[in-house]
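Undergrad: Sharing a structure below in structure tokens format, with a few things to ask.
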Amino acid sequence: MSDWLLVDGARRLLADTCTHEVVQAAESDGWSAVAWEAIAGAGYGSLAELPVSDALAVLAVAGEYAAPVPLADGLLAGWLLGEPVAAPVAVAPANDLRLLDGRLSGRALRVPWGHAVEHVLAVVDGTAVLVGVASAAGVERQVNLAGEPRDSLLFEEAEPEVVHPAACDLLERGALTRVALISGALTGMARLTVAYAAERRQFGRPIAAFQAVQRHLVDITQDASLVAAAADGAARLPGLFEIAAAKVLASSAAVSATRAAHQVHGAMGMTQEYRLHHFTRRLWAWRHEYGDERHWASQLGGAVAAAGAQRLYPAVTSGSELV
Amino acid sequence: MLFAPADLTDAELELQREVREFLAEELPRGTFDPGLGMGAPRDRAFSARLAGRGWLGMALPTRYGGHDRSAVDRFVVTEELLRWGAPVGHHWVADRQTGPIINRFGSEEQKQRFLPPICRGELSFAIGMSEPEAGSDLAAVRTRATPVDGGWVVNGTKVWTSGAHASDWFVVLCRTGDSTEDRHAGLSQLIVDLASDGLTITPIPFLSGHRDFNEVALEDVFVPHELVLGAVGGGWAQNTSELAHERGGPERWLSTYLVLEELVRSRPGLFDGERARLALGDAVARLWGMRRMSLSVARMIDAGEAPSVQSALVKEMATRFEQDLLERIQELIALEPLGEGDSLFERLLFEAVLSAPSFTVRGGTNEILRSVAAKGLGSL
């Protein structure tokens, strides 16, 4: 069980900070100094100092309010280096970098807010390499489906600040951060959608009174609850089994729940002025980051098949303690 | 948060280990015909052996032969029995719902009379809810009990009554008062001996020809006062409480599990292929996640809460999963299931495909469950 005071503090802070206007402005500006200063100033900028389950619980709150800041990356960078890193820092999910005579060359790819953070961390041949963004020879700005920066940074014989054997697996731990973000976003989206259906009236009554609409509300709630249960399980025991299973469920739910939420919202959900897209577009992006549902289902299926039929159910109950 | 995080304690894991050892010794694989979840065969002797271990009536009070244990302990035992395909049919209804409602609503005399033999695995119960004109709409029951000297005389017909032909008693939802504007008033629950005079049990064969369903006709069946369960006129609330015991447990996601396990056992080479790995990985992920939700429901029951919305959410999604899993498996093997198949996998698949439509109907249709859940979401 995570630290309630800590998580509750994060919830109040993010609810106040990440208003619709702030999240919208972050998209057009490519960075939100307002959000970052408020969140880092309150001590939530570097989650790697926290126990894993607490850090992930705060990260879920960041997903719940679509916080346009690299909290997941600070956490992931700290895990990879084995110690907290000064924030803001981003992690390159992919790269074609090489380390030659202590100098770093090549590109760090799809770096969250790459142009705006101070450092970027990349894993090169099993080594975690931390380098200043100021030492990049070029920055190519790109965005993901949510309009969040996913930049490519070019390095030409740059001098890294830290070189350390990676303390954990980038793909597994990256997926773990996305599970927490997706879980939070599903929670926020479910709340928004249930409330909208109770308020929006058509044919003289709230649309939540229609069974066809109720079905969508139930689907979204089931998805959000299933992923919350999975995120909790993976936070308690972050082994390959739990992370794979949780990302399968999170990425699948990102598809089904967003479809249902948009259907409930009708045309309103397609507008920039209404908040739904802050959730749905992030969910579509996070679904793919650090392995989609198919990638992890294949990993998980291969692992449990190799363990054999006799251990199949024990694996369902005990996860990576067994498989 | 609808579902609070839940894990098993060390003591609960020890219980899980004990049940696994018991099953490996009592019912070694290959020595019995495993069944599909709660549809598994009846075996009075096996139920008695379970009772001997203290695994029936677990959450009932010790003074009535129970064991004062938790809903989570019962979850652990039930989960292992079902995933093993153990023959739970004889005690299933009595252990899951009749025992708990008699304990909750019954008289002292009823508790002393019925609970000890339920806990010993002796008495078997059926469920007398559905009628020709009252399926999902249970308040429409027409079976009527009329007061007479010393008790009630019951007339009416119950249908789709699983296991009535092999059970000792059933709890009948019937009308004891006039239906006013409030359709839920005037209903009562009676504990009725299935060997009563005037009671006729006729099989209603399943679509597969298998016998489980029955029609139970009651013609001037006398039921003494002391067998009215709870309050006269309190039947609707009691019945709703009983249905809550029917929902959200491991039986809602384990009906087809054994088909998957036997596929892995009998065709390991299949999983060298990507499609089979994807299907297996997805199924295992869902089993793992839904199990955590279901365990959370059991924890809520132990905390004295009434998780009816959560139970409805779990049952609705889990029973769809049970059906989806069969489709995934059939896509993988690309063969028509045949009844004369000689492997356990083929037999289980054949039976599962033929019973699958019932998963999303029995114990409350998914349409009713969605309605229950959606109404609850507004107030949560």
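Every chain in the structure tokens takes a letter, A first, then B, and so on in the order presented; its residues are numbered from 1, and the ligands are numbered from 1 following the presented order.
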Mind dumping a table of every chain A residue within 8 Å of chain B, with the nearest atom pair and its distance in Å to one decimal, using only C-alpha atoms, sorted by chain and rising number, as a tab-separated table?
TA:
residue	atom	partner	partner_atom	distance
A:Met1	CA	B:Pro5	CA	7.6
A:Val194	CA	B:Gly378	CA	7.3
A:Ala198	CA	B:Gly378	CA	7.6
A:Gln211	CA	B:Ser371	CA	7.3
A:Gln214	CA	B:Ala374	CA	5.7
A:Arg215	CA	B:Arg370	CA	6.4
A:Leu217	CA	B:Ala374	CA	6.9
A:Val218	CA	B:Ala374	CA	6.1
A:Gln222	CA	B:Leu313	CA	6.3
A:Ser225	CA	B:Phe3	CA	6.7
A:Leu226	CA	B:Gly289	CA	5.9
A:Val227	CA	B:Gly289	CA	7.5
A:Ala229	CA	B:Arg292	CA	6.1
A:Ala230	CA	B:Gly289	CA	5.3
A:Asp232	CA	B:Pro5	CA	6.5
A:Gly233	CA	B:Arg292	CA	7.9
A:Ala244	CA	B:Ala285	CA	7.8
A:Ala245	CA	B:Ala285	CA	4.3
A:Ala246	CA	B:Ala285	CA	6.9
A:Val248	CA	B:Asp282	CA	6.7
A:Leu249	CA	B:Ala285	CA	6.7
A:Arg294	CA	B:Leu278	CA	6.4
A:Trp296	CA	B:Gly281	CA	7.6
A:Ala297	CA	B:Gly281	CA	4.2
A:Ser298	CA	B:Leu278	CA	4.6
A:Gln299	CA	B:Gly281	CA	7.2
A:Leu300	CA	B:Gly281	CA	4.8
A:Gly301	CA	B:Gly281	CA	3.7
A:Gly302	CA	B:Arg277	CA	5.5
A:Val304	CA	B:Gly281	CA	7.7
A:Ala305	CA	B:Phe271	CA	6.4
A:Gly308	CA	B:Val264	CA	6.9
A:Ala309	CA	B:Arg265	CA	5.0
A:Gln310	CA	B:Arg265	CA	7.8
A:Leu312	CA	B:Glu261	CA	6.8
A:Tyr313	CA	B:Arg83	CA	7.6
A:Val316	CA	B:Trp288	CA	5.2
A:Thr317	CA	B:Trp288	CA	6.8
Undergrad: Put those residues in a file: C-alpha atoms, as a PDB file, in the first residue's frame.
TA:
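The result, written out as part_26.pdb:
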ATOM      1  CA  MET A   1       0.000   0.000   0.000  1.00  0.00           C
ATOM      2  CA  VAL A 194     -19.543   9.006 -16.065  1.00  0.00           C
ATOM      3  CA  ALA A 198     -25.131  12.125 -15.994  1.00  0.00           C
ATOM      4  CA  GLN A 211     -28.960   1.192 -21.595  1.00  0.00           C
ATOM      5  CA  GLN A 214     -24.722   2.456 -19.750  1.00  0.00           C
ATOM      6  CA  ARG A 215     -22.938  -0.338 -21.513  1.00  0.00           C
ATOM      7  CA  LEU A 217     -19.899   3.373 -18.908  1.00  0.00           C
ATOM      8  CA  VAL A 218     -19.603  -0.161 -17.567  1.00  0.00           C
ATOM      9  CA  GLN A 222     -14.188  -2.355 -16.014  1.00  0.00           C
ATOM     10  CA  SER A 225     -10.562  -1.161 -12.617  1.00  0.00           C
ATOM     11  CA  LEU A 226      -8.764  -4.029 -14.317  1.00  0.00           C
ATOM     12  CA  VAL A 227      -5.768  -1.847 -15.160  1.00  0.00           C
ATOM     13  CA  ALA A 229      -5.594  -3.863 -10.198  1.00  0.00           C
ATOM     14  CA  ALA A 230      -2.829  -4.786 -12.649  1.00  0.00           C
ATOM     15  CA  ASP A 232      -1.018  -2.342  -8.261  1.00  0.00           C
ATOM     16  CA  GLY A 233       0.131  -5.924  -8.791  1.00  0.00           C
ATOM     17  CA  ALA A 244       4.178  -7.929 -19.133  1.00  0.00           C
ATOM     18  CA  ALA A 245       0.683  -8.818 -17.920  1.00  0.00           C
ATOM     19  CA  ALA A 246       0.007  -5.281 -16.738  1.00  0.00           C
ATOM     20  CA  VAL A 248      -0.968  -6.163 -22.018  1.00  0.00           C
ATOM     21  CA  LEU A 249      -4.021  -5.114 -20.016  1.00  0.00           C
ATOM     22  CA  ARG A 294       1.108  -7.685 -28.658  1.00  0.00           C
ATOM     23  CA  TRP A 296       4.139  -8.133 -24.107  1.00  0.00           C
ATOM     24  CA  ALA A 297       1.516 -10.835 -24.735  1.00  0.00           C
ATOM     25  CA  SER A 298       4.069 -12.658 -26.847  1.00  0.00           C
ATOM     26  CA  GLN A 299       6.706 -12.372 -24.108  1.00  0.00           C
ATOM     27  CA  LEU A 300       4.302 -13.521 -21.438  1.00  0.00           C
ATOM     28  CA  GLY A 301       2.839 -16.320 -23.542  1.00  0.00           C
ATOM     29  CA  GLY A 302       6.304 -17.615 -24.362  1.00  0.00           C
ATOM     30  CA  VAL A 304       4.317 -19.412 -19.350  1.00  0.00           C
ATOM     31  CA  ALA A 305       4.293 -21.941 -22.208  1.00  0.00           C
ATOM     32  CA  GLY A 308       4.513 -25.875 -18.784  1.00  0.00           C
ATOM     33  CA  ALA A 309       0.899 -26.768 -18.067  1.00  0.00           C
ATOM     34  CA  GLN A 310       1.456 -27.846 -14.479  1.00  0.00           C
ATOM     35  CA  LEU A 312       0.230 -22.445 -15.546  1.00  0.00           C
ATOM     36  CA  TYR A 313      -2.215 -21.770 -12.745  1.00  0.00           C
ATOM     37  CA  VAL A 316      -1.528 -16.878 -12.484  1.00  0.00           C
ATOM     38  CA  THR A 317      -1.508 -16.708  -8.681  1.00  0.00           C
TER      39      THR A 317
END
Undergrad: As a PyMOL selection string, please: all residues of stretch 18-48 of chain A that backbone DSSP puts in alpha helix (DSSP H).
TA: chain A and resi 20-29+33-41
Undergrad: What is the atom CA of B:Val171 to atom CA of B:Thr200 distance in Å?
TA: 15.4 Å
Undergrad: Which residue gives the smallest distance to B:Asp302 among B:Thr31, B:Ser130, B:Ser70, B:Ser255, with only C-alpha atoms counted?
TA: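 Closest candidate: B:Ser70.
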Undergrad: With distances taken over only C-alpha atoms, which residue among B:Ile101, B:Ala134, B:Arg120, B:Glu21 lies nearest B:Asn239?
TA: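 Once distances to B:Asn239 are computed over only C-alpha atoms, the minimum belongs to B:Ile101.
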Undergrad: Looking only at strand (DSSP E) from DSSP on the backbone, list the matching residues of stretch 165-228 of chain B as a PyMOL selection string.
TA: chain B and resi 169-175+187-193+199-203+214-224+228
Undergrad: Pick the closest to A:Ala185 from A:Pro84, A:Gly63, A:Pro160, A:Gly266: which is it, counting only C-alpha atoms?
TA: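 Ranking A:Pro84, A:Gly63, A:Pro160, A:Gly266 by distance to A:Ala185, first place goes to A:Gly63.
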Undergrad: Which residues are close to stretch 89-105 of chain A, i.e. within 8 Å by only C-alpha atoms, leaving aside same-chain residues fewer than 6 positions away? Reply as a PyMOL selection string.
TA: chain A and resi 70+73-74+76-77+111-114+117-124+154-160+170-171+174+289-290
Undergrad: Give me, please, the distance in Å between atom CA of A:Leu80 and atom CA of A:Asp169, quoted to one decimal.
TA: 7.5 Å
Undergrad: At a cut-off of 12 Å, using only C-alpha atoms, what residues contact stretch 3-8 of chain A? Leave out same-chain residues fewer than 6 positions from it and give the result as a PyMOL selection string.
TA: chain A and resi 14-15+42-44+47+50-62+64
Undergrad: Can you work out which one of A:Ala108, A:Ala146, A:Ala86, A:Cys18 has the shortest atom-to-atom distance to A:Gly30, counting only C-alpha atoms?
TA: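 Nearest to A:Gly30: A:Ala146.
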Undergrad: Compile the contact shell of B:Arg144 as an MDAnalysis selection string: residues with an atom at most 6 Å away, counting only C-alpha atoms, same-chain residues fewer than 3 positions apart removed.
TA: chainID B and resid 154:155 174:175
Undergrad: With N, CA and C atoms retained, could you export that selection as a tab-separated table (two decimals), in the first residue's frame?
TA:
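part29.tsv, freshly written:
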chain	number	residue	atom	x	y	z
B	154	VAL	N	-48.05	-24.56	-1.11
B	154	VAL	CA	-47.38	-23.90	-2.23
B	154	VAL	C	-47.84	-24.50	-3.55
B	155	ASN	N	-48.14	-23.61	-4.51
B	155	ASN	CA	-48.50	-24.03	-5.86
B	155	ASN	C	-47.74	-23.18	-6.88
B	174	CYS	N	-41.26	-17.17	-3.57
B	174	CYS	CA	-42.66	-17.23	-3.96
B	174	CYS	C	-43.44	-16.05	-3.39
B	175	ARG	N	-44.65	-15.92	-3.86
B	175	ARG	CA	-45.51	-14.82	-3.44
B	175	ARG	C	-46.36	-15.28	-2.25
Undergrad: Please list as a ChimeraX atom specification every residue within 9 Å of B:Ala140, counting only C-alpha atoms and excluding residues in the same chain fewer than 6 positions away.
TA: /B:131,133-134,183-184
Undergrad: Which residues come within 8 Å of A:His216, counting only C-alpha atoms, excluding same-chain residues fewer than 2 positions away, as number ranges by chain?
TA: A: 212-214, 218-220, 260-261, 263-264
Undergrad: Which residue is closest to B:Val221? Choose from B:Asp197, B:Glu340, B:Glu79, B:Glu327 and count only C-alpha atoms.
TA: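 Smallest separation from B:Val221 among the options: B:Asp197.
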